[in-house]
>>> print(open('work-v2.pdb').read())   # PDB, C-alpha atoms
ATOM      1  CA  MET N   1      16.825  19.267 -30.975  1.00  0.00           C
ATOM      2  CA  PHE N   2      18.421  17.281 -28.200  1.00  0.00           C
ATOM      3  CA  PRO N   3      17.420  13.635 -28.036  1.00  0.00           C
ATOM      4  CA  LYS N   4      14.842  13.002 -25.370  1.00  0.00           C
ATOM      5  CA  LYS N   5      15.991  10.893 -22.489  1.00  0.00           C
ATOM      6  CA  LEU N   6      14.146   7.835 -21.264  1.00  0.00           C
ATOM      7  CA  LEU N   7      13.143   7.094 -17.701  1.00  0.00           C
ATOM      8  CA  ALA N   8      13.871   3.969 -15.725  1.00  0.00           C
ATOM      9  CA  LEU N   9      13.450   3.546 -12.005  1.00  0.00           C
ATOM     10  CA  SER N  10      16.771   3.027 -10.252  1.00  0.00           C
ATOM     11  CA  MET N  11      15.311   0.305  -8.038  1.00  0.00           C
ATOM     12  CA  ALA N  12      15.490  -3.435  -8.627  1.00  0.00           C
ATOM     13  CA  GLY N  13      12.537  -5.078 -10.334  1.00  0.00           C
ATOM     14  CA  SER N  14      11.189  -2.015 -12.177  1.00  0.00           C
ATOM     15  CA  ALA N  15      10.551  -1.978 -15.915  1.00  0.00           C
ATOM     16  CA  VAL N  16      12.520   0.266 -18.264  1.00  0.00           C
ATOM     17  CA  LEU N  17      10.325   2.361 -20.559  1.00  0.00           C
ATOM     18  CA  LEU N  18      11.668   2.321 -24.125  1.00  0.00           C
ATOM     19  CA  VAL N  19      10.707   5.435 -26.079  1.00  0.00           C
ATOM     20  CA  ALA N  20      12.442   6.530 -29.268  1.00  0.00           C
ATOM     21  CA  GLY N  21      14.338   9.822 -29.176  1.00  0.00           C
ATOM     22  CA  CYS N  22      13.049  12.795 -31.164  1.00  0.00           C
ATOM     23  CA  GLY N  23      14.366  13.967 -34.504  1.00  0.00           C
ATOM     24  CA  GLY N  24      13.602  10.722 -36.301  1.00  0.00           C
ATOM     25  CA  GLY N  25      16.658   8.921 -35.033  1.00  0.00           C
ATOM     26  CA  TYR N  26      17.250   6.284 -32.425  1.00  0.00           C
ATOM     27  CA  ASP N  27      19.662   8.223 -30.253  1.00  0.00           C
ATOM     28  CA  LYS N  28      18.464   7.488 -26.753  1.00  0.00           C
ATOM     29  CA  GLU N  29      19.742   7.858 -23.236  1.00  0.00           C
ATOM     30  CA  THR N  30      18.164   6.274 -20.193  1.00  0.00           C
ATOM     31  CA  LEU N  31      17.894   8.117 -16.901  1.00  0.00           C
ATOM     32  CA  TYR N  32      17.834   5.799 -13.925  1.00  0.00           C
ATOM     33  CA  VAL N  33      15.821   7.935 -11.547  1.00  0.00           C
ATOM     34  CA  SER N  34      14.240   7.597  -8.136  1.00  0.00           C
ATOM     35  CA  VAL N  35      12.253   9.748  -5.761  1.00  0.00           C
ATOM     36  CA  TYR N  36      12.305   8.117  -2.372  1.00  0.00           C
ATOM     37  CA  PHE N  37      10.270   9.136   0.642  1.00  0.00           C
ATOM     38  CA  PRO N  38      11.898   7.726   3.779  1.00  0.00           C
ATOM     39  CA  THR N  39       9.306   6.361   6.188  1.00  0.00           C
ATOM     40  CA  ALA N  40       8.675   9.670   7.891  1.00  0.00           C
ATOM     41  CA  SER N  41       7.075  10.092  11.299  1.00  0.00           C
ATOM     42  CA  ILE N  42       5.241  13.372  11.635  1.00  0.00           C
ATOM     43  CA  SER N  43       3.167  14.630  14.559  1.00  0.00           C
ATOM     44  CA  LEU N  44      -0.603  14.887  14.487  1.00  0.00           C
ATOM     45  CA  TYR N  45      -1.834  18.466  13.870  1.00  0.00           C
ATOM     46  CA  ASN N  46       1.696  19.703  13.083  1.00  0.00           C
ATOM     47  CA  THR N  47       2.125  21.446   9.721  1.00  0.00           C
ATOM     48  CA  SER N  48       4.844  19.403   7.999  1.00  0.00           C
ATOM     49  CA  THR N  49       6.910  19.128   4.825  1.00  0.00           C
ATOM     50  CA  ILE N  50       8.487  15.875   3.616  1.00  0.00           C
ATOM     51  CA  VAL N  51      10.976  16.269   0.769  1.00  0.00           C
ATOM     52  CA  GLY N  52      11.458  13.287  -1.534  1.00  0.00           C
ATOM     53  CA  GLN N  53      15.069  12.193  -1.928  1.00  0.00           C
ATOM     54  CA  GLN N  54      15.840  12.443  -5.641  1.00  0.00           C
ATOM     55  CA  SER N  55      18.564  10.801  -7.682  1.00  0.00           C
ATOM     56  CA  GLY N  56      19.450  10.319 -11.331  1.00  0.00           C
ATOM     57  CA  PHE N  57      17.604  13.285 -12.844  1.00  0.00           C
ATOM     58  CA  ASP N  58      20.688  14.801 -14.488  1.00  0.00           C
ATOM     59  CA  GLY N  59      19.463  18.390 -14.106  1.00  0.00           C
ATOM     60  CA  HIS N  60      15.840  17.675 -15.089  1.00  0.00           C
ATOM     61  CA  ASP N  61      13.052  18.714 -12.733  1.00  0.00           C
ATOM     62  CA  ALA N  62      11.387  15.762 -11.010  1.00  0.00           C
ATOM     63  CA  HIS N  63       7.599  15.470 -10.934  1.00  0.00           C
ATOM     64  CA  CYS N  64       5.375  13.152  -8.903  1.00  0.00           C
ATOM     65  CA  GLY N  65       1.716  12.199  -8.997  1.00  0.00           C
ATOM     66  CA  MET N  66      -0.200   9.912  -6.669  1.00  0.00           C
ATOM     67  CA  THR N  67      -1.963   6.973  -8.339  1.00  0.00           C
ATOM     68  CA  SER N  68      -3.422   4.800  -5.579  1.00  0.00           C
ATOM     69  CA  GLY N  69      -3.362   4.000  -1.887  1.00  0.00           C
ATOM     70  CA  GLN N  70      -4.042   6.547   0.830  1.00  0.00           C
ATOM     71  CA  MET N  71      -2.162   9.665   1.783  1.00  0.00           C
ATOM     72  CA  ALA N  72      -2.376  10.790   5.427  1.00  0.00           C
ATOM     73  CA  PRO N  73      -5.509  12.960   5.744  1.00  0.00           C
ATOM     74  CA  GLY N  74      -4.548  16.620   5.522  1.00  0.00           C
ATOM     75  CA  MET N  75      -1.318  15.840   3.630  1.00  0.00           C
ATOM     76  CA  HIS N  76      -0.808  16.131  -0.147  1.00  0.00           C
ATOM     77  CA  LEU N  77       1.740  14.758  -2.626  1.00  0.00           C
ATOM     78  CA  ASN N  78       2.741  17.727  -4.769  1.00  0.00           C
ATOM     79  CA  TRP N  79       3.922  17.965  -8.386  1.00  0.00           C
ATOM     80  CA  ASP N  80       7.422  18.918  -7.169  1.00  0.00           C
ATOM     81  CA  CYS N  81       7.728  15.642  -5.202  1.00  0.00           C
ATOM     82  CA  THR N  82       7.179  17.135  -1.768  1.00  0.00           C
ATOM     83  CA  ILE N  83       4.496  16.078   0.701  1.00  0.00           C
ATOM     84  CA  THR N  84       3.001  18.995   2.594  1.00  0.00           C
ATOM     85  CA  GLY N  85       0.074  19.810   4.845  1.00  0.00           C
ATOM     86  CA  THR N  86      -1.224  19.272   8.365  1.00  0.00           C
ATOM     87  CA  PRO N  87      -2.058  15.651   9.287  1.00  0.00           C
ATOM     88  CA  THR N  88      -5.471  15.319  10.916  1.00  0.00           C
ATOM     89  CA  ALA N  89      -5.608  11.567  11.635  1.00  0.00           C
ATOM     90  CA  ALA N  90      -3.059   9.285  13.293  1.00  0.00           C
ATOM     91  CA  GLY N  91      -1.867   6.047  11.679  1.00  0.00           C
ATOM     92  CA  SER N  92       0.369   4.601   8.977  1.00  0.00           C
ATOM     93  CA  TYR N  93      -0.549   5.420   5.376  1.00  0.00           C
ATOM     94  CA  TYR N  94       0.748   3.732   2.212  1.00  0.00           C
ATOM     95  CA  PHE N  95       0.501   5.157  -1.293  1.00  0.00           C
ATOM     96  CA  ASN N  96       1.701   4.597  -4.861  1.00  0.00           C
ATOM     97  CA  TYR N  97       2.893   7.316  -7.213  1.00  0.00           C
ATOM     98  CA  VAL N  98       4.436   7.877 -10.633  1.00  0.00           C
ATOM     99  CA  ILE N  99       7.668   9.742 -11.300  1.00  0.00           C
ATOM    100  CA  SER N 100       8.404  11.779 -14.412  1.00  0.00           C
ATOM    101  CA  ALA N 101      11.042  14.317 -15.391  1.00  0.00           C
ATOM    102  CA  GLU N 102      10.796  17.538 -17.351  1.00  0.00           C
ATOM    103  CA  ASP N 103      11.672  17.196 -21.079  1.00  0.00           C
ATOM    104  CA  THR N 104      11.819  13.397 -20.975  1.00  0.00           C
ATOM    105  CA  GLU N 105       9.610  10.581 -22.172  1.00  0.00           C
ATOM    106  CA  GLY N 106       7.766   8.113 -19.984  1.00  0.00           C
ATOM    107  CA  GLU N 107       7.143   7.659 -16.306  1.00  0.00           C
ATOM    108  CA  VAL N 108       7.940   5.074 -13.660  1.00  0.00           C
ATOM    109  CA  SER N 109       6.099   3.871 -10.575  1.00  0.00           C
ATOM    110  CA  SER N 110       7.112   3.732  -6.945  1.00  0.00           C
ATOM    111  CA  SER N 111       5.560   3.573  -3.468  1.00  0.00           C
ATOM    112  CA  GLY N 112       5.951   5.278  -0.116  1.00  0.00           C
ATOM    113  CA  SER N 113       4.476   5.668   3.337  1.00  0.00           C
ATOM    114  CA  VAL N 114       3.794   8.306   5.975  1.00  0.00           C
ATOM    115  CA  ASN N 115       3.431   7.598   9.694  1.00  0.00           C
ATOM    116  CA  VAL N 116       1.413  10.093  11.755  1.00  0.00           C
ATOM    117  CA  ILE N 117       2.087   9.819  15.483  1.00  0.00           C
ATOM    118  CA  ALA N 118      -0.386  10.937  18.122  1.00  0.00           C
ATOM    119  CA  PRO N 119       0.194  11.913  21.752  1.00  0.00           C
ATOM    120  CA  GLY N 120      -0.315   9.774  24.794  1.00  0.00           C
ATOM    121  CA  VAL N 121      -0.749  10.847  28.416  1.00  0.00           C
ATOM    122  CA  SER N 122       0.768   9.314  31.533  1.00  0.00           C
ATOM    123  CA  TYR N 123       1.021  10.056  35.262  1.00  0.00           C
ATOM    124  CA  SER N 124       3.737   9.098  37.719  1.00  0.00           C
ATOM    125  CA  ARG N 125       1.126   8.080  40.396  1.00  0.00           C
ATOM    126  CA  PRO N 126       3.391   8.631  43.431  1.00  0.00           C
ATOM    127  CA  ALA N 127       2.839   6.828  46.728  1.00  0.00           C
ATOM    128  CA  MET N 128       0.541   8.880  48.944  1.00  0.00           C
ATOM    129  CA  LYS N 129      -0.040   9.164  52.662  1.00  0.00           C
ATOM    130  CA  VAL N 130      -3.007  10.358  54.700  1.00  0.00           C
ATOM    131  CA  GLY N 131      -2.551  13.995  55.723  1.00  0.00           C
ATOM    132  CA  THR N 132       0.341  14.656  53.307  1.00  0.00           C
ATOM    133  CA  ALA N 133      -0.271  16.968  50.353  1.00  0.00           C
ATOM    134  CA  ALA N 134       0.342  15.424  46.924  1.00  0.00           C
ATOM    135  CA  SER N 135       0.430  16.656  43.344  1.00  0.00           C
ATOM    136  CA  ASP N 136       0.760  14.650  40.137  1.00  0.00           C
ATOM    137  CA  ALA N 137       0.970  16.381  36.740  1.00  0.00           C
ATOM    138  CA  PRO N 138       0.383  14.584  33.411  1.00  0.00           C
ATOM    139  CA  THR N 139       3.195  13.949  30.948  1.00  0.00           C
ATOM    140  CA  ILE N 140       2.656  13.940  27.178  1.00  0.00           C
ATOM    141  CA  THR N 141       4.273  10.817  25.687  1.00  0.00           C
ATOM    142  CA  GLY N 142       4.820   9.072  22.372  1.00  0.00           C
ATOM    143  CA  GLY N 143       7.392  11.363  20.761  1.00  0.00           C
ATOM    144  CA  TRP N 144       4.595  13.681  19.656  1.00  0.00           C
ATOM    145  CA  LYS N 145       5.354  17.397  19.262  1.00  0.00           C
ATOM    146  CA  THR N 146       3.073  20.226  20.341  1.00  0.00           C
ATOM    147  CA  PRO N 147       1.726  22.133  17.298  1.00  0.00           C
ATOM    148  CA  ALA N 148       2.603  25.764  16.678  1.00  0.00           C
ATOM    149  CA  ALA N 149       0.618  28.376  18.577  1.00  0.00           C
ATOM    150  CA  SER N 150      -1.276  29.176  15.356  1.00  0.00           C
ATOM    151  CA  ALA N 151      -2.992  25.788  15.706  1.00  0.00           C
ATOM    152  CA  VAL N 152      -4.303  26.915  19.142  1.00  0.00           C
ATOM    153  CA  PRO N 153      -3.571  23.597  20.911  1.00  0.00           C
ATOM    154  CA  THR N 154      -5.276  23.115  24.288  1.00  0.00           C
ATOM    155  CA  TRP N 155      -5.686  20.130  26.585  1.00  0.00           C
ATOM    156  CA  SER N 156      -8.646  19.333  28.799  1.00  0.00           C
ATOM    157  CA  TYR N 157      -9.087  16.544  31.351  1.00  0.00           C
ATOM    158  CA  ALA N 158     -12.050  14.780  32.924  1.00  0.00           C
ATOM    159  CA  LEU N 159     -12.779  11.781  35.110  1.00  0.00           C
ATOM    160  CA  ALA N 160     -14.133   9.049  32.859  1.00  0.00           C
ATOM    161  CA  GLY N 161     -14.859   6.541  35.642  1.00  0.00           C
ATOM    162  CA  GLY N 162     -13.787   5.186  38.985  1.00  0.00           C
ATOM    163  CA  THR N 163     -12.825   7.238  42.041  1.00  0.00           C
ATOM    164  CA  LEU N 164      -9.830   9.336  43.025  1.00  0.00           C
ATOM    165  CA  ALA N 165      -8.526   9.052  46.572  1.00  0.00           C
ATOM    166  CA  SER N 166     -10.635  10.995  49.047  1.00  0.00           C
ATOM    167  CA  GLY N 167      -9.206  14.513  49.290  1.00  0.00           C
ATOM    168  CA  LEU N 168      -7.791  14.554  45.747  1.00  0.00           C
ATOM    169  CA  ALA N 169      -9.209  16.436  42.767  1.00  0.00           C
ATOM    170  CA  LEU N 170      -8.492  16.631  39.038  1.00  0.00           C
ATOM    171  CA  ASN N 171      -7.837  20.048  37.503  1.00  0.00           C
ATOM    172  CA  PRO N 172      -9.774  20.001  34.184  1.00  0.00           C
ATOM    173  CA  THR N 173      -7.414  22.484  32.522  1.00  0.00           C
ATOM    174  CA  THR N 174      -3.960  21.328  33.623  1.00  0.00           C
ATOM    175  CA  GLY N 175      -4.737  17.674  34.329  1.00  0.00           C
ATOM    176  CA  VAL N 176      -2.976  17.915  37.711  1.00  0.00           C
ATOM    177  CA  VAL N 177      -4.266  15.529  40.365  1.00  0.00           C
ATOM    178  CA  SER N 178      -3.659  17.199  43.720  1.00  0.00           C
ATOM    179  CA  GLY N 179      -4.877  17.557  47.273  1.00  0.00           C
ATOM    180  CA  THR N 180      -4.382  15.982  50.676  1.00  0.00           C
ATOM    181  CA  PRO N 181      -5.556  12.363  50.999  1.00  0.00           C
ATOM    182  CA  THR N 182      -7.856  11.830  53.983  1.00  0.00           C
ATOM    183  CA  ILE N 183      -8.645   8.105  53.927  1.00  0.00           C
ATOM    184  CA  ALA N 184      -6.214   5.224  53.458  1.00  0.00           C
ATOM    185  CA  GLY N 185      -6.920   2.608  50.819  1.00  0.00           C
ATOM    186  CA  ASN N 186      -6.583   1.596  47.195  1.00  0.00           C
ATOM    187  CA  TYR N 187      -8.210   3.815  44.589  1.00  0.00           C
ATOM    188  CA  SER N 188      -8.706   3.453  40.858  1.00  0.00           C
ATOM    189  CA  ALA N 189      -9.957   6.078  38.409  1.00  0.00           C
ATOM    190  CA  GLN N 190      -9.901   6.608  34.650  1.00  0.00           C
ATOM    191  CA  ILE N 191      -8.819   9.979  33.307  1.00  0.00           C
ATOM    192  CA  LYS N 192      -9.711  11.109  29.786  1.00  0.00           C
ATOM    193  CA  ALA N 193      -7.477  13.705  28.120  1.00  0.00           C
ATOM    194  CA  THR N 194      -8.569  15.608  25.016  1.00  0.00           C
ATOM    195  CA  LEU N 195      -6.340  17.655  22.712  1.00  0.00           C
ATOM    196  CA  THR N 196      -8.218  20.337  20.793  1.00  0.00           C
ATOM    197  CA  THR N 197      -6.754  22.346  17.885  1.00  0.00           C
ATOM    198  CA  THR N 198      -8.061  24.361  14.959  1.00  0.00           C
ATOM    199  CA  PHE N 199      -7.466  21.243  12.828  1.00  0.00           C
ATOM    200  CA  GLY N 200      -9.478  18.857  15.005  1.00  0.00           C
ATOM    201  CA  SER N 201      -9.573  17.063  18.336  1.00  0.00           C
ATOM    202  CA  TYR N 202      -7.979  13.863  19.562  1.00  0.00           C
ATOM    203  CA  SER N 203      -8.267  11.785  22.742  1.00  0.00           C
ATOM    204  CA  PRO N 204      -5.608   9.181  23.558  1.00  0.00           C
ATOM    205  CA  ALA N 205      -6.525   6.072  25.486  1.00  0.00           C
ATOM    206  CA  ASN N 206      -7.860   6.769  28.966  1.00  0.00           C
ATOM    207  CA  VAL N 207      -5.281   6.660  31.740  1.00  0.00           C
ATOM    208  CA  ASN N 208      -5.940   4.175  34.537  1.00  0.00           C
ATOM    209  CA  TYR N 209      -5.039   6.227  37.602  1.00  0.00           C
ATOM    210  CA  VAL N 210      -4.416   3.721  40.392  1.00  0.00           C
ATOM    211  CA  THR N 211      -3.132   4.937  43.762  1.00  0.00           C
ATOM    212  CA  THR N 212      -2.461   3.494  47.187  1.00  0.00           C
ATOM    213  CA  VAL N 213      -2.842   5.806  50.187  1.00  0.00           C
ATOM    214  CA  SER N 214      -1.129   4.594  53.337  1.00  0.00           C
ATOM    215  CA  PRO N 215      -2.255   5.574  56.871  1.00  0.00           C
TER     216      PRO N 215
END
>>> encode(input="work-v2.pdb", output="C-alpha cells")
Amino acid sequence: MFPKKLLALSMAGSAVLLVAGCGGGYDKETLYVSVYFPTASISLYNTSTIVGQQSGFDGHDAHCGMTSGQMAPGMHLNWDCTITGTPTAAGSYYFNYVISAEDTEGEVSSSGSVNVIAPGVSYSRPAMKVGTAASDAPTITGGWKTPAASAVPTWSYALAGGTLASGLALNPTTGVVSGTPTIAGNYSAQIKATLTTTFGSYSPANVNYVTTVSP
C-alpha cells in the first residue's frame, strides 16, 4: 500500500495537518494544495460556471465543500470544486470551504467570493426643440450581459413619476421616449425599467429623465 499523503494549504498562515501514513510506518508526504476562486463577476440571471484554480494535487482529484458564509443565491459549490448555477440576486457573497484530495488524509480550509452584477439603465437625454421630432432609446449599463434566450429575458418600462415633455411618450416595451415636443420648458420624469426572466425579475434604480425643450 502506498503511504497516504498529507494535506497542507499552500497559502501563508494555514495549519499543516499531520496524519500518519498507512501500513504502520511513518512514511509521510505533504501535499501543499490550494483551490482558489478568483473574485469572479457574473451577470444576474446568466447560467454560469466558475472553475476553481487548483495547484499541488499531484494527480489526486480535488474536492471542495462549503462550510459557512453565503453563496450567491442560485449558485452551488460542487464536490469537484466548481461553482455552477444561475444567480438570482445581485451583490457580493463571501463563503468558506474545505479542500480535500482523493486518497489522502485530512482537509484544509480556505475562503472565496462571488460578485453578481445587475444591469442599469440610462438615457442620453438629447437637447430638444419645439416642433422637431426626437427619439431617445435606453442603454443597458453596468457590464451586465443579457441571459440566453432560454431564460426568456424581456424588459418593460413605465413612468414612475414626474412629467415628460408635452408631445413625448414612453414606449412600455422598448423604453424609447419619442415624439415631437410642443411646449418649451424644463421637464423631469422618473422612468422605471423592469427585467423579467424565468429565474426572476429585477428593477434597477429609476432613471431621472430630465429634458430641456427650447422654443
>>> residues_around(input="work-v2.pdb", residues="Gly185 of chain N", least_positions_apart="2", cutoff="7 Å", atoms="all atoms listed in the file", output="VMD selection string")
chain N and resid 183 187 212 to 214
>>> closest_residue(input="work-v2.pdb", among="N:Ala149, N:Met71, N:Ala101, N:Leu195", to="Ala118 of chain N", atoms="only C-alpha atoms")
N:Leu195
>>> residues_around(input="work-v2.pdb", residues="Gly56 of chain N", least_positions_apart="6", cutoff="7 Å", atoms="only C-alpha atoms", output="ChimeraX atom specification")
/N:31-34
>>> residues_around(input="work-v2.pdb", residues="Ser109 of chain N", least_positions_apart="5", cutoff="7 Å", atoms="all atoms listed in the file", output="list of chain:residue names")
N:Tyr97, N:Val98, N:Ile99
>>> residues_around(input="work-v2.pdb", residues="Tyr123 of chain N", least_positions_apart="6", cutoff="9 Å", atoms="only C-alpha atoms", output="PDB file with C-alpha atoms, in the coordinates of the input")
ATOM      1  CA  ASP N 136       0.760  14.650  40.137  1.00  0.00           C
ATOM      2  CA  ALA N 137       0.970  16.381  36.740  1.00  0.00           C
ATOM      3  CA  PRO N 138       0.383  14.584  33.411  1.00  0.00           C
ATOM      4  CA  THR N 139       3.195  13.949  30.948  1.00  0.00           C
ATOM      5  CA  VAL N 207      -5.281   6.660  31.740  1.00  0.00           C
ATOM      6  CA  TYR N 209      -5.039   6.227  37.602  1.00  0.00           C
TER       7      TYR N 209
END
>>> resolve_selection(input="work-v2.pdb", expression="the PyMOL selection byres ((chain N and resi 50-54) around 6)", output="count of residues only")
9
>>> closest_residue(input="work-v2.pdb", among="N:Gln70, N:Ser113, N:Asp103, N:Gly85", to="Thr39 of chain N", atoms="all atoms listed in the file")
N:Ser113
>>> atom_distance(input="work-v2.pdb", atom1="atom CA of Asn171 of chain N", atom2="atom CA of Pro87 of chain N")
29.1 Å
>>> atom_distance(input="work-v2.pdb", atom1="atom CA of Asn46 of chain N", atom2="atom CA of Lys145 of chain N")
7.5 Å
>>> atom_distance(input="work-v2.pdb", atom1="atom CA of Ser124 of chain N", atom2="atom CA of Ala151 of chain N")
28.4 Å
>>> residues_around(input="work-v2.pdb", residues="segment 191-194 of chain N", least_positions_apart="3", cutoff="8 Å", atoms="only C-alpha atoms", output="PyMOL selection string")
chain N and resi 121+155-161+175+201-209
>>> axis_aligned_box(input="work-v2.pdb", around="segment 118-129 of chain N", padding_each_side="4 Å", output="JSON")
{"center_x": 1.5, "center_y": 9.4, "center_z": 35.4, "size_x": 12.5, "size_y": 13.1, "size_z": 42.5}
>>> resolve_selection(input="work-v2.pdb", expression="the PyMOL selection byres ((chain N and resi 184) around 12)", output="list in words")
Ala127, Met128, Lys129, Val130, Gly131, Thr132, Leu164, Ala165, Ser166, Gly167, Thr180, Pro181, Thr182, Ile183, Gly185, Asn186, Tyr187, Thr211, Thr212, Val213, Ser214 and Pro215 of chain N
>>> closest_residue(input="work-v2.pdb", among="N:Thr196, N:Thr104, N:Ser68, N:Ser92", to="Tyr45 of chain N", atoms="all atoms listed in the file")
N:Thr196
>>> decode(input="work-v2.pdb", residues="segment 186-210 of chain N", atoms="N, CA and C atoms", output="tab-separated table (two decimals), in the first residue's frame")
chain	number	residue	atom	x	y	z
N	186	ASN	N	-38.65	73.16	-19.01
N	186	ASN	CA	-37.85	72.12	-18.36
N	186	ASN	C	-38.79	71.05	-17.82
N	187	TYR	N	-38.45	69.79	-18.08
N	187	TYR	CA	-39.31	68.68	-17.69
N	187	TYR	C	-38.49	67.63	-16.95
N	188	SER	N	-39.13	67.02	-15.97
N	188	SER	CA	-38.45	65.97	-15.20
N	188	SER	C	-39.42	64.82	-14.97
N	189	ALA	N	-38.98	63.61	-15.29
N	189	ALA	CA	-39.78	62.41	-15.08
N	189	ALA	C	-38.88	61.32	-14.53
N	190	GLN	N	-39.50	60.31	-13.93
N	190	GLN	CA	-38.77	59.13	-13.45
N	190	GLN	C	-39.29	57.93	-14.23
N	191	ILE	N	-38.35	57.18	-14.78
N	191	ILE	CA	-38.69	56.00	-15.58
N	191	ILE	C	-38.22	54.76	-14.84
N	192	LYS	N	-39.14	53.81	-14.66
N	192	LYS	CA	-38.81	52.53	-14.03
N	192	LYS	C	-38.70	51.46	-15.10
N	193	ALA	N	-37.56	50.76	-15.10
N	193	ALA	CA	-37.34	49.63	-16.01
N	193	ALA	C	-37.39	48.34	-15.21
N	194	THR	N	-37.97	47.31	-15.79
N	194	THR	CA	-38.05	46.01	-15.12
N	194	THR	C	-37.60	44.91	-16.07
N	195	LEU	N	-36.63	44.12	-15.64
N	195	LEU	CA	-36.17	42.95	-16.38
N	195	LEU	C	-36.89	41.73	-15.82
N	196	THR	N	-37.53	40.97	-16.70
N	196	THR	CA	-38.23	39.77	-16.28
N	196	THR	C	-37.66	38.56	-17.00
N	197	THR	N	-37.33	37.50	-16.24
N	197	THR	CA	-36.82	36.25	-16.81
N	197	THR	C	-37.53	35.08	-16.13
N	198	THR	N	-37.25	33.89	-16.62
N	198	THR	CA	-37.82	32.70	-15.99
N	198	THR	C	-37.22	32.45	-14.61
N	199	PHE	N	-36.11	33.13	-14.29
N	199	PHE	CA	-35.46	32.96	-12.99
N	199	PHE	C	-35.88	34.03	-11.99
N	200	GLY	N	-36.57	35.06	-12.44
N	200	GLY	CA	-36.98	36.13	-11.53
N	200	GLY	C	-37.00	37.47	-12.25
N	201	SER	N	-37.33	38.50	-11.50
N	201	SER	CA	-37.42	39.85	-12.04
N	201	SER	C	-36.53	40.80	-11.25
N	202	TYR	N	-36.08	41.85	-11.92
N	202	TYR	CA	-35.19	42.81	-11.28
N	202	TYR	C	-35.46	44.20	-11.86
N	203	SER	N	-35.49	45.20	-10.99
N	203	SER	CA	-35.64	46.59	-11.42
N	203	SER	C	-34.45	47.39	-10.91
N	204	PRO	N	-33.66	47.96	-11.82
N	204	PRO	CA	-32.58	48.87	-11.37
N	204	PRO	C	-33.18	50.16	-10.84
N	205	ALA	N	-32.33	51.02	-10.33
N	205	ALA	CA	-32.80	52.30	-9.82
N	205	ALA	C	-33.51	53.08	-10.92
N	206	ASN	N	-34.56	53.79	-10.54
N	206	ASN	CA	-35.30	54.59	-11.51
N	206	ASN	C	-34.38	55.61	-12.17
N	207	VAL	N	-34.63	55.87	-13.44
N	207	VAL	CA	-33.87	56.86	-14.19
N	207	VAL	C	-34.55	58.21	-14.08
N	208	ASN	N	-33.83	59.22	-13.65
N	208	ASN	CA	-34.36	60.59	-13.66
N	208	ASN	C	-34.21	61.15	-15.06
N	209	TYR	N	-35.33	61.28	-15.76
N	209	TYR	CA	-35.30	61.73	-17.15
N	209	TYR	C	-35.61	63.22	-17.19
N	210	VAL	N	-34.55	64.02	-17.26
N	210	VAL	CA	-34.67	65.48	-17.23
N	210	VAL	C	-34.35	66.03	-18.61
